[in-house]
Each structure stands twice: as structure tokens, then as C-alpha cells.
Amino acid sequence: MIRRVFLIVLDSFGIGELPDADEYSDKGSNTLKSCFLQKEFHVPTMQKLGLFNIDGVTFGKKEEKPSAAYGRLKEASKGKDTTTGHWEICGIISEKAMPTYPDGFPKEILDEFSRLTGRDVLCNKPYSGTKVIADYGEEHLKTGALIVYTSADSVFQIAAHESIVPPEKLYEYCKIARKLLTGENAVGRVIARPFEGEYPFKRTARRHDFSLEPPEKTLLECLSENDLDVISVGKIYDIFAGKGITESHPTKSNSDGMSRTSDILKKDFHGLCFVNLVDFDMVYGHRNDATGYAKALTVFDSWLSGFLENINEDDVVMITADHGCDPLTESTDHSREYIPLMIYGKKIKPVTLGTRESYADIGKTVAALFGIDCNIKGESFKNRITEEKI
């Protein structure tokens, strides 16, 4: 029986367009390929695990004998955002895409938001997070009005300078927005985006996400109800509104997340450690920084090598993603892509899993590895990767 699973999400690390990518204006997107083209890209650990052996990956050196089980997964849900992707990994398939606002939020929503916060609103458009504070930061400082903006994703984002609106007050405003955004306007996430300094302003690490609660039971609740530990690292707690999580470790960066995960590896626990490394998406993908993305993958790969050397006999490590964010396309938004999956452990058979029909197969398999039959979406492939039958 497996005792611990480390499920690590490289936020936005897609590996090529899905068949319906053109419906999302993402034809040709391939986050992995865009990073591979950078001279800074060096991932020998993931190469050995089978990254370049995965279906549809037509570049990079293939391993004769990969050390991990490997494959790619389609997104069965509608959408291409963080919440939808993580929820699907944990067994929820979203039949309807969460609402987006290409023309800004409805006037009645913003009017009520202003009434409840006592502050006016600036912007109300889809915008890059760094550009919006460059364009509206000075006016915000003069007036105290909140910068409200969105993106191609289902998000209501509020930016404010920490000298004008301290982070805790900004979080209060986000909670107000979260309560307002229900029904047809139930966005996936309300996000606090604090910034500081003088022009050009700089976003701080005190971002906080306020997610919609999952509409169904997820893998995380199933595990915790069966007395297993569910330890979150990064924004996992926010994405699931805390549901099913027994221990949470917020992080400030990829390096912080990797460090905390290494510390958790040394702990004696029984269950899941669920990790999100957000810098790939937030710092590099959304800013079309292919060089930075490639460097970040190189750093992760080096860390992963040491991490895998120290796992126990009954540990399993899964490396995956939640969507794409191709840094070489014109768009700065997420991209509709396949996600990779590499599964390593001393009890795991290094086999190909081909192409799976849903991200939810990950969650169903995690439950099966613990000997639990969770009533969630997905199809377990435990029998493919272990000698033990369910």
C-alpha cells in the first residue's frame, strides 16, 4: 500500500494544443515547446522520467527506458483556468464554463461593490496584471479608488497600493466581492493583487485568492474523511476554499514552495501532499517571458532530482499541470492544452499511459493508491502502474 503521494502541479505547464483549442483562440499553443526553444531550458530529470516520450511531444530526446509512468491528459471540462483545472484533477468535471467578462463587469455589480466598500472603481476591463498598475496606479494613489480588472479567465481582480489599502483591508474587500458574485456572476476566483513602491510599481507576494466553493465532493474531502492527511502547498487551499485540507502552507514563490515541500518530505504523515508552483504561470507565462519560464523549469528540475533521491519506499511523486500559458503566443492568457503526467516511485511501473480522456483520472488514481473508492469523476489507472490489483 502507498503511504504518501506528492502531487506537484507546475502551474500552466501545458504540452500542446487540445483538439478544441481553436474554440478558445489557442490554435498552435504549446507551452513546453516554447520553453524547449530557449537555450536556458535544461530538464534532464524530467527527461529521464519520460517527458519527451509522452504522446504528441515531437521534440527533445526520448529515453529508451523512462524511469516513470508517463502520459498526457485532456481537459474534459469547459474552460482553461486554474480553478477548473485543479477541480478536474480532483474529480469535478465542469460542464459549463465559469463566467468571463470581456467587456468588464456589469454596472449593477460594481455599483453595489462601491457602496459596500465606500470606494470608487477604476478600469473594469480585461488587463495584464502588471500593465494595469502601470496605467492606473497613479490615479489610484490620488483618488483611493480600487483598480478592478479581469482577464480571459473567470476572475474578479482587485489591485491596490499597500500604503492606500493595507492587505488585510484588501482581503475584506475581496470577501465583499466574493459574496456579491453569485448565480450567473459566480466567477471562479476573486483575487487580491496588492502592490507597492513608486512608478513603476511592483506587485507584492501578498496576493490572496478567494475561490468559489467546489460544487461537489472532491478527492481532498474524500481523503480527509477517510482519516488521511491532506497537506496543501501554495494556493491549493485557496483554489478549494479550504475544503478537505487538513494542513496548509501558503507560499511566496516557486523556491518557497519547493523548500516547504522538501520539509514536508521529512515529516511522518499518511496521505496527500498537494503542491502548486504558481510562478510558471503568474511570473512567466502571463508576462510572455519564455526565457524566465525556461529558467524556472530548469531550477525545478534540479530540485526534483534531489527530491526524488530522498523519497521513501512507499512514496509516489506525480508531476502534472492544470492548463497551458504559452509564453510565445501574442496572448498573455492561459491556453487550452494537454497536460503532462509523470509518476515516479519505487512501487511504480515505468509504463506509458498514452492519452487519457480527463484530468480527473489523476484524482481517481490517487484515491485508488490509498485503497479508497472515492465517488468522484475519473477512471483509475492504478492497475497499469502497480502490480497490486484494486
# chains A, B, ... in the order shown; residues from 1 in each chain; ligands from 1

call {"tool": "residues_around", "arguments": {"residues": "stretch 265-277 of chain A", "least_positions_apart": "4", "cutoff": "9 Å", "atoms": "only C-alpha atoms", "output": "ChimeraX atom specification"}}
result
/A:2-11,220,223-224,227-236,251,253-255,257-258,260-261,281,307,310-312,321,366,370

call {"tool": "closest_residue", "arguments": {"among": "A:Lys61, A:His161, A:Lys346, A:His286", "to": "A:Gly324", "atoms": "only C-alpha atoms"}}
result
A:His286

call {"tool": "select_by_dssp", "arguments": {"residues": "stretch 31-229 of chain A", "states": "strand (DSSP E)", "output": "PyMOL selection string"}}
result
chain A and resi 69-73+121-126+146-150+155-161+189-196+202-203+208-211+229

call {"tool": "write_last_selection", "arguments": {"atoms": "N, CA, C and O atoms", "output": "compact mmCIF listing (two decimals), in the first residue's frame"}}
result
# COMPACT_ATOMS: atom_id res chain seq x y z
N ALA A 69 6.14 6.20 -14.94
CA ALA A 69 4.97 6.08 -15.80
C ALA A 69 4.68 7.47 -16.34
O ALA A 69 4.87 8.47 -15.65
N TYR A 70 4.23 7.57 -17.58
CA TYR A 70 4.07 8.88 -18.20
C TYR A 70 2.92 8.88 -19.20
O TYR A 70 2.56 7.84 -19.78
N GLY A 71 2.35 10.06 -19.41
CA GLY A 71 1.27 10.19 -20.37
C GLY A 71 0.80 11.63 -20.43
O GLY A 71 1.40 12.53 -19.82
N ARG A 72 -0.27 11.85 -21.18
CA ARG A 72 -0.86 13.19 -21.25
C ARG A 72 -2.36 13.07 -21.02
O ARG A 72 -2.96 12.01 -21.25
N LEU A 73 -2.97 14.17 -20.57
CA LEU A 73 -4.39 14.15 -20.25
C LEU A 73 -5.12 15.30 -20.93
O LEU A 73 -4.60 16.42 -21.00
N VAL A 121 -14.36 52.75 -8.34
CA VAL A 121 -13.68 51.70 -9.09
C VAL A 121 -13.03 52.28 -10.34
O VAL A 121 -13.63 53.11 -11.03
N LEU A 122 -11.82 51.84 -10.62
CA LEU A 122 -11.10 52.21 -11.85
C LEU A 122 -10.98 50.99 -12.76
O LEU A 122 -11.01 49.85 -12.30
N CYS A 123 -10.83 51.23 -14.04
CA CYS A 123 -10.51 50.24 -15.08
C CYS A 123 -11.73 49.44 -15.51
O CYS A 123 -12.39 49.78 -16.48
N ASN A 124 -12.03 48.33 -14.84
CA ASN A 124 -13.12 47.42 -15.21
C ASN A 124 -13.00 46.93 -16.65
O ASN A 124 -13.93 47.05 -17.46
N LYS A 125 -11.83 46.37 -16.96
CA LYS A 125 -11.57 45.79 -18.28
C LYS A 125 -10.67 44.57 -18.11
O LYS A 125 -10.01 44.42 -17.08
N PRO A 126 -10.60 43.71 -19.12
CA PRO A 126 -9.55 42.69 -19.11
C PRO A 126 -8.19 43.38 -19.25
O PRO A 126 -8.04 44.29 -20.08
N LEU A 146 -10.41 51.79 -6.14
CA LEU A 146 -9.84 50.45 -6.32
C LEU A 146 -9.71 50.12 -7.81
O LEU A 146 -10.60 50.44 -8.61
N ILE A 147 -8.61 49.47 -8.18
CA ILE A 147 -8.41 49.03 -9.56
C ILE A 147 -9.04 47.64 -9.69
O ILE A 147 -8.55 46.67 -9.12
N VAL A 148 -10.13 47.56 -10.41
CA VAL A 148 -10.83 46.30 -10.63
C VAL A 148 -10.65 45.89 -12.08
O VAL A 148 -10.91 46.68 -12.99
N TYR A 149 -10.20 44.68 -12.30
CA TYR A 149 -9.97 44.23 -13.68
C TYR A 149 -10.17 42.72 -13.75
O TYR A 149 -10.35 42.03 -12.75
N THR A 150 -10.15 42.20 -14.96
CA THR A 150 -10.34 40.77 -15.17
C THR A 150 -9.33 40.29 -16.22
O THR A 150 -8.35 40.98 -16.52
N VAL A 155 -12.21 35.59 -13.41
CA VAL A 155 -11.61 36.23 -12.23
C VAL A 155 -12.08 37.67 -12.08
O VAL A 155 -12.29 38.38 -13.07
N PHE A 156 -12.24 38.08 -10.83
CA PHE A 156 -12.52 39.46 -10.44
C PHE A 156 -11.31 39.87 -9.61
O PHE A 156 -11.13 39.39 -8.49
N GLN A 157 -10.44 40.72 -10.17
CA GLN A 157 -9.19 41.05 -9.51
C GLN A 157 -9.22 42.49 -8.99
O GLN A 157 -9.70 43.39 -9.68
N ILE A 158 -8.70 42.67 -7.80
CA ILE A 158 -8.69 44.00 -7.16
C ILE A 158 -7.25 44.34 -6.81
O ILE A 158 -6.62 43.67 -5.99
N ALA A 159 -6.73 45.39 -7.44
CA ALA A 159 -5.37 45.84 -7.16
C ALA A 159 -5.43 47.11 -6.33
O ALA A 159 -6.25 48.00 -6.58
N ALA A 160 -4.54 47.20 -5.34
CA ALA A 160 -4.47 48.39 -4.50
C ALA A 160 -3.07 48.53 -3.92
O ALA A 160 -2.41 47.53 -3.60
N HIS A 161 -2.61 49.76 -3.80
CA HIS A 161 -1.30 50.04 -3.21
C HIS A 161 -1.38 49.81 -1.70
O HIS A 161 -2.34 50.23 -1.05
N ARG A 189 -12.69 32.89 -9.24
CA ARG A 189 -11.85 33.44 -8.17
C ARG A 189 -11.98 34.95 -8.08
O ARG A 189 -12.06 35.63 -9.11
N VAL A 190 -11.97 35.45 -6.86
CA VAL A 190 -11.75 36.87 -6.59
C VAL A 190 -10.32 36.94 -6.07
O VAL A 190 -9.95 36.20 -5.15
N ILE A 191 -9.51 37.83 -6.65
CA ILE A 191 -8.08 37.82 -6.33
C ILE A 191 -7.62 39.19 -5.83
O ILE A 191 -7.83 40.21 -6.50
N ALA A 192 -7.00 39.20 -4.66
CA ALA A 192 -6.37 40.41 -4.13
C ALA A 192 -5.00 40.56 -4.75
O ALA A 192 -4.19 39.63 -4.72
N ARG A 193 -4.73 41.75 -5.32
CA ARG A 193 -3.46 42.00 -6.01
C ARG A 193 -2.78 43.24 -5.42
O ARG A 193 -2.75 44.31 -6.05
N PRO A 194 -2.21 43.15 -4.23
CA PRO A 194 -1.54 44.31 -3.64
C PRO A 194 -0.25 44.67 -4.37
O PRO A 194 0.43 43.80 -4.91
N PHE A 195 0.05 45.99 -4.42
CA PHE A 195 1.33 46.42 -5.00
C PHE A 195 1.92 47.51 -4.13
O PHE A 195 1.29 48.00 -3.18
N GLU A 196 3.16 47.90 -4.43
CA GLU A 196 3.87 48.85 -3.56
C GLU A 196 4.84 49.69 -4.37
O GLU A 196 5.01 49.49 -5.58
N LYS A 202 5.43 47.77 -8.18
CA LYS A 202 5.77 46.35 -8.11
C LYS A 202 4.72 45.61 -7.29
O LYS A 202 4.38 46.02 -6.19
N ARG A 203 4.21 44.50 -7.84
CA ARG A 203 3.26 43.68 -7.10
C ARG A 203 3.99 42.97 -5.96
O ARG A 203 5.13 42.55 -6.11
N HIS A 208 -3.82 37.05 -2.63
CA HIS A 208 -4.66 36.04 -1.99
C HIS A 208 -5.88 35.77 -2.87
O HIS A 208 -6.50 36.71 -3.38
N ASP A 209 -6.19 34.49 -3.07
CA ASP A 209 -7.32 34.09 -3.91
C ASP A 209 -8.51 33.69 -3.04
O ASP A 209 -8.34 32.98 -2.03
N PHE A 210 -9.70 34.11 -3.45
CA PHE A 210 -10.93 33.74 -2.76
C PHE A 210 -11.79 32.98 -3.79
O PHE A 210 -12.43 33.58 -4.65
N SER A 211 -11.74 31.65 -3.70
CA SER A 211 -12.36 30.81 -4.72
C SER A 211 -13.81 30.49 -4.42
O SER A 211 -14.25 30.49 -3.27
N ASP A 229 -4.13 12.43 5.80
CA ASP A 229 -3.67 13.81 5.79
C ASP A 229 -3.82 14.39 4.38
O ASP A 229 -3.55 13.70 3.39

call {"tool": "atom_distance", "arguments": {"atom1": "atom CA of A:Glu379", "atom2": "atom CA of A:Gly85"}}
result
16.3 Å

call {"tool": "decode", "arguments": {"residues": "stretch 177-326 of chain A", "atoms": "C-alpha atoms", "output": "short mmCIF file (atom, residue, chain, number, x, y, z; two decimals), in the first residue's frame"}}
result
data_model
loop_
_atom_site.label_atom_id
_atom_site.label_comp_id
_atom_site.auth_asym_id
_atom_site.auth_seq_id
_atom_site.Cartn_x
_atom_site.Cartn_y
_atom_site.Cartn_z
CA ALA A 177 -16.91 40.87 -3.87
CA ARG A 178 -16.99 37.11 -3.31
CA LYS A 179 -20.41 37.38 -1.63
CA LEU A 180 -21.70 39.59 -4.45
CA LEU A 181 -20.54 37.33 -7.27
CA THR A 182 -23.09 34.52 -7.20
CA GLY A 183 -25.51 32.86 -9.62
CA GLU A 184 -24.75 33.82 -13.21
CA ASN A 185 -21.89 36.00 -11.95
CA ALA A 186 -20.24 33.29 -9.83
CA VAL A 187 -16.66 33.81 -11.02
CA GLY A 188 -14.09 31.17 -10.23
CA ARG A 189 -11.85 33.44 -8.17
CA VAL A 190 -11.75 36.87 -6.59
CA ILE A 191 -8.08 37.82 -6.33
CA ALA A 192 -6.37 40.41 -4.13
CA ARG A 193 -3.46 42.00 -6.01
CA PRO A 194 -1.54 44.31 -3.64
CA PHE A 195 1.33 46.42 -5.00
CA GLU A 196 3.87 48.85 -3.56
CA GLY A 197 6.54 51.45 -4.28
CA GLU A 198 6.57 54.31 -6.76
CA TYR A 199 6.10 54.17 -10.52
CA PRO A 200 6.94 51.67 -11.97
CA PHE A 201 5.01 49.88 -9.24
CA LYS A 202 5.77 46.35 -8.11
CA ARG A 203 3.26 43.68 -7.10
CA THR A 204 3.92 42.14 -3.70
CA ALA A 205 3.81 38.49 -2.60
CA ARG A 206 0.68 39.11 -0.51
CA ARG A 207 -1.71 38.04 -3.26
CA HIS A 208 -4.66 36.04 -1.99
CA ASP A 209 -7.32 34.09 -3.91
CA PHE A 210 -10.93 33.74 -2.76
CA SER A 211 -12.36 30.81 -4.72
CA LEU A 212 -15.84 29.60 -5.38
CA GLU A 213 -16.52 26.54 -3.23
CA PRO A 214 -16.41 23.26 -5.20
CA PRO A 215 -19.98 22.24 -6.10
CA GLU A 216 -19.31 18.55 -5.41
CA LYS A 217 -17.15 16.48 -3.11
CA THR A 218 -13.54 16.32 -4.29
CA LEU A 219 -10.65 13.92 -3.82
CA LEU A 220 -9.44 16.10 -0.95
CA GLU A 221 -12.62 15.74 1.10
CA CYS A 222 -12.76 12.02 0.35
CA LEU A 223 -9.22 11.51 1.66
CA SER A 224 -9.66 13.61 4.80
CA GLU A 225 -12.97 11.89 5.59
CA ASN A 226 -11.04 8.62 5.49
CA ASP A 227 -8.59 9.95 8.10
CA LEU A 228 -5.77 10.66 5.66
CA ASP A 229 -3.67 13.81 5.79
CA VAL A 230 -4.26 16.37 3.03
CA ILE A 231 -1.40 18.88 3.10
CA SER A 232 -1.53 21.83 0.71
CA VAL A 233 1.42 23.89 -0.50
CA GLY A 234 0.92 27.18 -2.36
CA LYS A 235 -2.53 28.31 -3.48
CA ILE A 236 -4.18 24.87 -3.29
CA TYR A 237 -6.04 25.89 -0.10
CA ASP A 238 -7.45 28.95 -1.87
CA ILE A 239 -8.48 27.02 -5.00
CA PHE A 240 -10.56 24.58 -2.97
CA ALA A 241 -11.79 27.16 -0.41
CA GLY A 242 -10.11 25.00 2.22
CA LYS A 243 -12.48 22.06 1.66
CA GLY A 244 -10.86 18.78 2.71
CA ILE A 245 -7.47 20.27 3.57
CA THR A 246 -6.02 19.32 6.94
CA GLU A 247 -2.82 21.41 6.84
CA SER A 248 -1.97 24.44 4.71
CA HIS A 249 1.36 26.03 3.74
CA PRO A 250 0.94 29.28 1.73
CA THR A 251 4.00 30.27 -0.30
CA LYS A 252 5.59 33.39 -1.76
CA SER A 253 7.34 31.86 -4.78
CA ASN A 254 8.35 28.65 -6.51
CA SER A 255 11.51 28.43 -4.41
CA ASP A 256 9.47 28.82 -1.23
CA GLY A 257 7.08 26.11 -2.42
CA MET A 258 9.88 23.69 -3.24
CA SER A 259 11.54 24.36 0.11
CA ARG A 260 8.32 23.72 2.03
CA THR A 261 7.70 20.53 0.04
CA SER A 262 11.21 19.30 0.92
CA ASP A 263 10.44 19.97 4.59
CA ILE A 264 7.17 18.04 4.34
CA LEU A 265 9.04 15.10 2.79
CA LYS A 266 10.88 14.77 6.12
CA LYS A 267 7.61 14.54 8.07
CA ASP A 268 5.87 11.34 9.04
CA PHE A 269 2.40 11.63 7.54
CA HIS A 270 -0.07 9.39 5.77
CA GLY A 271 -1.87 10.89 2.81
CA LEU A 272 -1.52 13.52 0.11
CA CYS A 273 0.82 16.50 -0.21
CA PHE A 274 -0.73 18.67 -2.96
CA VAL A 275 1.61 21.35 -4.32
CA ASN A 276 1.06 24.27 -6.70
CA LEU A 277 4.09 26.13 -8.06
CA VAL A 278 2.50 29.32 -9.35
CA ASP A 279 5.47 31.30 -10.70
CA PHE A 280 5.45 29.41 -14.01
CA ASP A 281 2.05 30.93 -14.71
CA MET A 282 1.96 34.20 -12.75
CA VAL A 283 5.51 35.44 -13.24
CA TYR A 284 6.46 33.99 -16.64
CA GLY A 285 3.53 32.66 -18.68
CA HIS A 286 1.27 35.68 -18.24
CA ARG A 287 4.17 38.02 -18.96
CA ASN A 288 5.21 36.18 -22.14
CA ASP A 289 8.64 35.59 -20.61
CA ALA A 290 9.77 32.40 -22.33
CA THR A 291 13.36 32.77 -21.10
CA GLY A 292 12.22 33.16 -17.49
CA TYR A 293 9.83 30.22 -17.83
CA ALA A 294 12.63 28.02 -19.21
CA LYS A 295 14.97 29.04 -16.38
CA ALA A 296 12.27 28.30 -13.79
CA LEU A 297 11.74 24.82 -15.24
CA THR A 298 15.49 24.24 -15.12
CA VAL A 299 15.58 25.23 -11.43
CA PHE A 300 12.60 22.99 -10.67
CA ASP A 301 14.18 20.06 -12.49
CA SER A 302 17.38 20.38 -10.47
CA TRP A 303 15.38 20.48 -7.22
CA LEU A 304 13.30 17.49 -8.37
CA SER A 305 16.41 15.38 -8.83
CA GLY A 306 17.35 15.71 -5.17
CA PHE A 307 13.75 15.34 -4.02
CA LEU A 308 13.31 12.01 -5.81
CA GLU A 309 16.53 10.67 -4.32
CA ASN A 310 15.09 11.10 -0.83
CA ILE A 311 11.61 9.60 -1.16
CA ASN A 312 10.63 6.52 0.84
CA GLU A 313 9.82 3.02 -0.39
CA ASP A 314 6.06 3.64 -0.19
CA ASP A 315 6.03 7.19 -1.63
CA VAL A 316 4.70 8.25 -5.04
CA VAL A 317 5.53 11.53 -6.80
CA MET A 318 3.27 12.86 -9.55
CA ILE A 319 4.25 15.81 -11.77
CA THR A 320 1.48 17.46 -13.77
CA ALA A 321 -0.12 20.83 -14.71
CA ASP A 322 -3.56 22.48 -14.78
CA HIS A 323 -3.66 24.21 -18.23
CA GLY A 324 -1.18 25.96 -20.53
CA CYS A 325 0.11 29.53 -20.77
CA ASP A 326 2.28 29.62 -23.87
#
